Amino acid sequence: MHEEKLKRLWDMAPMFVEGTPHAKFLGIKFVAVDIARATLSLPYDKKLIGNAETKVLHGGVLTALLDQASGLAAVSSFDEMLPVATLDLRIDYMRAATPGKTIIAEAHAYKSTRHIAFVRAVAHEGDADDPVATSQASFMTTASGKKMSFNPLERTKAVQDLPAARKSGDAK
Amino acid sequence: MSDQINTKDHIMAALARLPYAEELGIYPLVMGDELTLVLPYAPHIIGNPMLKALHGGAVGAFLETTAIIQLGLNGGTLPKPIGINIDYLRRGKPQDTYARAIVARQGSRVANVRVKAWQDSVTSPITILHGNFLTAHAAKEDVSKEEPVKTKAGK
């Protein structure tokens, strides 16, 4: 049972990141998954800078990374694999991320009820004792959640079917 | 009128210093001294393609940008986030999102900011952020102190 669940998690997890358009856009990489735990990484990229002078990553990039890692930990914490939505997310920024360094996010869903998961996460550059940011979040399984959401083919098709961006210049 | 144009130029210049905000396509709407930022819908800000829901991280980054730009209107160094809280109230639909920030308190070093994001109606926000930011003057001091120190040992 335990092994079977782990196998399902490892089958699903890379797609959870790859099949999330914004995670893909940021360049978030899947690293590892376990029951109620997830690790993702984000290589440094100039387009993600939040301060042109210091070249430090935008705080929002860490928000997205911690949200994604925490979401995967939440999904992995429930008996059934269901998609989740973030209810709230608190982030503490300990220090500026070092320009050029890859960020690693480790998340742990330390408690989950039937539909709610409570998740703590830390973002660091290799040493978890020297965090860039930490977060605390809660997630709920989505009401319209269908197990099929984790089917890679369906997800790929859903990505293709997304409405296109408004042409730039329109109504600006 | 010229004041308004200057404000808009000023905001565009501030946004240009945030490459990630530019990547997201964030742009301002200025009415008098009231600033609204727009996060235009694009497929790459989707979090759940099955539900066509915007990514919580992208919306969070947008709210944080709104807080930073609002605080940065006074010029100087860009403020740095210390701690933020985000409440996700409604699913972000695949359409444009708007955000406005209120500075609840501007202290000498720290500012407390509240930001609201909405889509169809300003009375039905999709996401709310509140947080503390290290503001221009203090942030500048901090950077000048931090920059020469490259290693932990050098502290």
# chains A, B, ... in the order shown; residues from 1 in each chain; ligands from 1
call {"tool": "interface_residues", "arguments": {"of": "chain A", "to": "chain B", "cutoff": "6 Å", "atoms": "only C-alpha atoms", "output": "PyMOL selection string"}}
result
chain A and resi 20-22+47-52+60+63-64+67+87-93+158-159+165
call {"tool": "residues_around", "arguments": {"residues": "A:Ala36", "least_positions_apart": "3", "cutoff": "10 Å", "atoms": "only C-alpha atoms", "output": "mmCIF file with C-alpha atoms, in the first residue's frame"}}
result
data_model
loop_
_atom_site.group_PDB
_atom_site.id
_atom_site.type_symbol
_atom_site.label_atom_id
_atom_site.label_comp_id
_atom_site.auth_asym_id
_atom_site.auth_seq_id
_atom_site.Cartn_x
_atom_site.Cartn_y
_atom_site.Cartn_z
ATOM 1 C CA VAL A 33 8.485 13.537 -3.570
ATOM 2 C CA SER A 70 3.834 23.226 -0.760
ATOM 3 C CA GLY A 71 1.010 22.327 -3.158
ATOM 4 C CA LEU A 72 2.798 19.139 -4.194
ATOM 5 C CA ALA A 73 3.416 18.210 -0.539
ATOM 6 C CA ALA A 74 -0.301 18.811 0.121
ATOM 7 C CA VAL A 75 -1.380 16.635 -2.830
ATOM 8 C CA SER A 76 0.992 13.921 -1.572
ATOM 9 C CA SER A 77 -0.462 14.046 1.938
ATOM 10 C CA PHE A 78 -4.028 12.977 1.113
ATOM 11 C CA ALA A 107 7.913 21.365 1.788
ATOM 12 C CA HIS A 108 6.293 19.208 4.447
ATOM 13 C CA ALA A 109 2.549 18.777 4.958
ATOM 14 C CA TYR A 110 2.816 18.183 8.691
ATOM 15 C CA LYS A 111 -0.913 17.740 9.163
ATOM 16 C CA SER A 112 -3.782 16.960 6.860
ATOM 17 C CA ALA A 117 -3.467 20.259 4.472
ATOM 18 C CA PHE A 118 -1.150 22.414 6.592
ATOM 19 C CA VAL A 119 2.257 22.854 5.026
#
call {"tool": "atom_distance", "arguments": {"atom1": "atom CA of A:Val17", "atom2": "atom CA of A:Ala69"}}
result
9.0 Å
call {"tool": "residues_around", "arguments": {"residues": "B:Thr36", "least_positions_apart": "4", "cutoff": "8 Å", "atoms": "only C-alpha atoms", "output": "compact mmCIF listing (two decimals) with N, CA and C atoms, in the first residue's frame"}}
result
# COMPACT_ATOMS: atom_id res chain seq x y z
N PRO B 28 0.69 49.83 -15.46
CA PRO B 28 -0.11 50.65 -14.54
C PRO B 28 -1.29 51.38 -15.21
N LEU B 29 -2.29 51.66 -14.39
CA LEU B 29 -3.37 52.57 -14.76
C LEU B 29 -3.32 53.65 -13.68
N VAL B 30 -3.21 54.91 -14.10
CA VAL B 30 -3.09 55.96 -13.09
C VAL B 30 -4.28 56.91 -13.20
N TYR B 98 -6.64 43.01 -11.58
CA TYR B 98 -6.26 44.36 -11.16
C TYR B 98 -5.87 44.36 -9.68
N ALA B 99 -4.99 45.27 -9.30
CA ALA B 99 -4.62 45.34 -7.88
C ALA B 99 -4.33 46.77 -7.46
N ARG B 100 -4.72 47.08 -6.22
CA ARG B 100 -4.48 48.39 -5.64
C ARG B 100 -3.94 48.19 -4.23
N ALA B 101 -2.98 49.01 -3.84
CA ALA B 101 -2.37 48.87 -2.52
C ALA B 101 -2.70 50.07 -1.64
call {"tool": "select_by_dssp", "arguments": {"residues": "chain B", "states": "alpha helix (DSSP H)", "output": "number ranges by chain"}}
result
B: 2-16, 19-23, 56-72, 136-146
call {"tool": "select_by_dssp", "arguments": {"residues": "stretch 6-163 of chain A", "states": "strand (DSSP E or B)", "output": "JSON, numbers by chain"}}
result
{"A": [29, 30, 31, 32, 33, 34, 37, 38, 39, 40, 41, 42, 49, 50, 51, 56, 57, 84, 85, 86, 87, 88, 89, 90, 91, 92, 93, 103, 104, 105, 106, 107, 108, 109, 110, 111, 112, 116, 117, 118, 119, 120, 121, 122, 123, 124, 133, 134, 135, 136, 137, 138, 139, 140, 141]}
call {"tool": "residues_around", "arguments": {"residues": "B:Thr97", "least_positions_apart": "3", "cutoff": "6 Å", "atoms": "only C-alpha atoms", "output": "list in words"}}
result
Val38, Leu39, Trp118 and Gln119 of chain B
call {"tool": "atom_distance", "arguments": {"atom1": "atom CA of A:Asp79", "atom2": "atom CA of A:Thr39"}}
result
19.5 Å
call {"tool": "closest_residue", "arguments": {"among": "B:Arg109, B:Arg114, B:Lys93, B:Lys8", "to": "B:Leu134", "atoms": "only C-alpha atoms"}}
result
B:Arg109
call {"tool": "closest_residue", "arguments": {"among": "A:Gln160, A:Ser41, A:Gln68, A:Gln136", "to": "A:Val84", "atoms": "only C-alpha atoms"}}
result
A:Gln68
call {"tool": "residues_around", "arguments": {"residues": "A:Phe150", "least_positions_apart": "3", "cutoff": "8 Å", "atoms": "only C-alpha atoms", "output": "MDAnalysis selection string"}}
result
chainID A and resid 12 15:16 83 147 154:155
